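Note sheet for the following structure.
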Amino acid sequence: MADPLHQFKIEPLIDFGTVNLPVVGEQQIAFTNSHLAMTIAFGLVILFLQLVTAKATVVPGRMQSAGETLFGMIDGIVDSIIGHEGRKLFPFVFTVFTFILAMNFIGLFLTFTATSQIAVTATFGVITILLVLAIGFAKHGLGFFKLFVPSGVPIFVLPFVVIIEFVSFLLRPITLTLRLFGNMMGGHVALKVFAGFVVIGVTGAVGWLGLPIALLSMGMTVGLTALEFLVAFLQAFVFAVLTCIYLNDVVNLGHGH
């Protein structure tokens with residue numbers, strides 16, 4: 001059976017040589033299969049939005065309806081979680097959602113899934129926390145630190161609560177990173193394993209058990225593929241929801257919406 005983890009190996013497609021960087025040392029500069037997958041995903045998002053908005057009509061066609069459905073869904077999430085102030089953040093949340101969704105779907109058709117790389121998902125997590133910090137300090141100044149001091153907490157337990165709140169704040173981008181990475185990688189590994197069993201059964205490597213093993217594995221592969229499409233959408237959706245919750249903490253710090 002082929003190595004199920006081989007599909008996650010980053011391979012250079014165009015090598016630009018190496019450079020010496022401070023601290024990290026010598027690093028290879030190359031255009032990789034990961035870059036290719038992300039570039040294709042980016043291009044598909046732009047193409048999709050162009051097709052959706054190019055010939056907008058009062059009575060939408062299928063493509064326009066699909067675009068308006070995604071737009072309305074993310075707009076509803078942002079408005080329900082963040083409130084009116086969230087209108088300014090809608091472009092960021094919508095961009096993150098569509099880009100992750102495109103990369104997830106691309107991975108089901110190509111041999112490489114960009115969101116199965118923790119470096120890619122970590123980048124989204126870092127961008128999110130940097131935006132949260134920028135909004136927090138720009139909107140509240142040093143009052144941003146009130147986020148870690150819940151009201152109504154007895155003074156003798158307040159230091160412990162502050163530490164817990166601060167650690168929880170720092171862990172959120174990590175959970176964003178690991179949830180997306182883990183789900184995409186795990187699903188693809190399972191698909192590869194069952195596909196390998198199909199090959200083993202068809203080639204007769206296990207004798208008379210080959211046919212039932214191949215049929216059962218094929219059924220599992222088909223079922224997991226359908227499930228992976230659902231997971232690909234849900235993971236992009238969950239990332240968008242958690243991003244909104246994260247942003248809401250600083251946008252509406254100290255008051256409800």
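We label chains A, B, ... in the order they appear in the structure tokens, count residues from 1 in each chain, and number ligands from 1 in the order shown.
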Name the residues in contact with stretch 8-11 of chain A at a cut-off of 12 Å, using only C-alpha atoms, excluding same-chain residues fewer than 2 positions from it; report them as an MDAnalysis selection string.
-> chainID A and resid 3:6 13:15 28:37 107 110:120 181 184:186 188:189 192
Fewer than 3 positions away in the same chain doesn't count, so skip those; otherwise give me all residues within 12 Å of A:Phe145, counting only C-alpha atoms, as a PDB file with N, CA and C atoms, in the first residue's frame.
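Generated output (selection-v1.pdb):
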ATOM      1  N   LEU A 133      -5.852  42.078  17.529  1.00  0.00           N
ATOM      2  CA  LEU A 133      -5.012  42.985  18.326  1.00  0.00           C
ATOM      3  C   LEU A 133      -5.043  44.401  17.760  1.00  0.00           C
ATOM      4  N   GLY A 136      -8.403  45.856  18.585  1.00  0.00           N
ATOM      5  CA  GLY A 136      -8.507  46.046  20.030  1.00  0.00           C
ATOM      6  C   GLY A 136      -7.792  47.297  20.511  1.00  0.00           C
ATOM      7  N   PHE A 137      -6.540  47.482  20.088  1.00  0.00           N
ATOM      8  CA  PHE A 137      -5.774  48.644  20.537  1.00  0.00           C
ATOM      9  C   PHE A 137      -6.224  49.921  19.837  1.00  0.00           C
ATOM     10  N   LYS A 139      -9.265  50.611  18.797  1.00  0.00           N
ATOM     11  CA  LYS A 139     -10.608  50.985  19.246  1.00  0.00           C
ATOM     12  C   LYS A 139     -10.662  51.310  20.735  1.00  0.00           C
ATOM     13  N   HIS A 140      -9.841  50.612  21.532  1.00  0.00           N
ATOM     14  CA  HIS A 140      -9.951  50.747  22.982  1.00  0.00           C
ATOM     15  C   HIS A 140      -8.657  51.219  23.656  1.00  0.00           C
ATOM     16  N   GLY A 141      -7.558  51.279  22.912  1.00  0.00           N
ATOM     17  CA  GLY A 141      -6.299  51.653  23.538  1.00  0.00           C
ATOM     18  C   GLY A 141      -5.907  50.639  24.594  1.00  0.00           C
ATOM     19  N   LEU A 142      -5.422  51.124  25.733  1.00  0.00           N
ATOM     20  CA  LEU A 142      -5.053  50.225  26.823  1.00  0.00           C
ATOM     21  C   LEU A 142      -6.278  49.565  27.461  1.00  0.00           C
ATOM     22  N   PHE A 148      -9.471  40.782  29.488  1.00  0.00           N
ATOM     23  CA  PHE A 148      -9.006  39.701  30.347  1.00  0.00           C
ATOM     24  C   PHE A 148      -9.469  39.850  31.793  1.00  0.00           C
ATOM     25  N   VAL A 149     -10.297  40.869  32.043  1.00  0.00           N
ATOM     26  CA  VAL A 149     -10.773  41.120  33.412  1.00  0.00           C
ATOM     27  C   VAL A 149     -12.301  41.098  33.420  1.00  0.00           C
ATOM     28  N   PRO A 150     -12.910  39.930  33.560  1.00  0.00           N
ATOM     29  CA  PRO A 150     -14.373  39.838  33.579  1.00  0.00           C
ATOM     30  C   PRO A 150     -14.953  40.588  34.766  1.00  0.00           C
ATOM     31  N   VAL A 162      -7.801  36.139  35.337  1.00  0.00           N
ATOM     32  CA  VAL A 162      -7.099  36.932  34.324  1.00  0.00           C
ATOM     33  C   VAL A 162      -6.104  36.068  33.556  1.00  0.00           C
ATOM     34  N   ILE A 163      -5.379  35.225  34.281  1.00  0.00           N
ATOM     35  CA  ILE A 163      -4.404  34.335  33.630  1.00  0.00           C
ATOM     36  C   ILE A 163      -5.111  33.360  32.693  1.00  0.00           C
ATOM     37  N   GLU A 165      -8.063  33.748  31.257  1.00  0.00           N
ATOM     38  CA  GLU A 165      -8.598  34.484  30.111  1.00  0.00           C
ATOM     39  C   GLU A 165      -7.495  34.817  29.100  1.00  0.00           C
ATOM     40  N   PHE A 166      -6.324  35.195  29.606  1.00  0.00           N
ATOM     41  CA  PHE A 166      -5.209  35.547  28.726  1.00  0.00           C
ATOM     42  C   PHE A 166      -4.723  34.321  27.949  1.00  0.00           C
ATOM     43  N   PHE A 169      -7.195  33.408  25.328  1.00  0.00           N
ATOM     44  CA  PHE A 169      -7.101  34.325  24.195  1.00  0.00           C
ATOM     45  C   PHE A 169      -5.978  33.908  23.250  1.00  0.00           C
ATOM     46  N   ASP A 249     -15.191  39.831  20.398  1.00  0.00           N
ATOM     47  CA  ASP A 249     -14.684  40.115  21.731  1.00  0.00           C
ATOM     48  C   ASP A 249     -14.075  41.514  21.834  1.00  0.00           C
ATOM     49  N   VAL A 250     -13.411  41.963  20.762  1.00  0.00           N
ATOM     50  CA  VAL A 250     -12.765  43.279  20.820  1.00  0.00           C
ATOM     51  C   VAL A 250     -13.633  44.372  20.216  1.00  0.00           C
ATOM     52  N   LEU A 253     -16.250  45.090  22.995  1.00  0.00           N
ATOM     53  CA  LEU A 253     -15.693  44.999  24.338  1.00  0.00           C
ATOM     54  C   LEU A 253     -16.388  45.955  25.297  1.00  0.00           C
ATOM     55  N   GLY A 254     -16.963  45.381  26.344  1.00  0.00           N
ATOM     56  CA  GLY A 254     -17.566  46.221  27.376  1.00  0.00           C
ATOM     57  C   GLY A 254     -19.043  46.510  27.182  1.00  0.00           C
TER      58      GLY A 254
END
Within 12 Å of stretch 77-91 of chain A: each stretch 130-229 of chain A residue with its shortest pair, only C-alpha atoms, as a tab-separated table:
residue	atom	partner	partner_atom	distance
A:Leu131	CA	A:Leu89	CA	9.9
A:Val132	CA	A:Leu89	CA	10.8
A:Ile135	CA	A:Leu89	CA	10.3
A:Lys139	CA	A:Glu85	CA	11.6
Using the chain letters and numbers from this document, which residues of stretch 20-231 of chain A does DSSP assign to strand (DSSP E), as a list in words?
->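 Of stretch 20-231 of chain A, only Asn20, Leu21, Gly25, Glu26, Gln27, Gln28, Ile29, Ala30, Phe31 and Thr32 of chain A fall in strand (DSSP E).
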Would you give me, as a count of residues only, the residues in stretch 127-173 of chain A that DSSP reads as helix (DSSP H, G or I)?
-> 38
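For the set A:Val19, A:Leu180, A:Val167, A:Ala41, the residue with the smallest atom-to-atom gap to A:Ala232 is A:Leu180, counting only C-alpha atoms.
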Mind pulling up the distance from atom CA of A:Pro173 to atom CA of A:Cys244?
-> 12.3 Å
With only C-alpha atoms as the basis for distance, which of A:Ala226, A:Lys55, A:Leu47, A:Thr98 is at the shortest distance from A:Ile74?
-> A:Thr98
Fewer than 5 positions away in the same chain doesn't count, so skip those; otherwise give me all residues within 10 Å of A:Val222, counting only C-alpha atoms, as a ChimeraX atom specification.
-> /A:191,194-195,217,227-228
Name the residues in contact with A:Val126 at a cut-off of 9 Å, using only C-alpha atoms, excluding same-chain residues fewer than 3 positions from it; report them as a PyMOL selection string.
-> chain A and resi 121-123+129-131+173-174+177
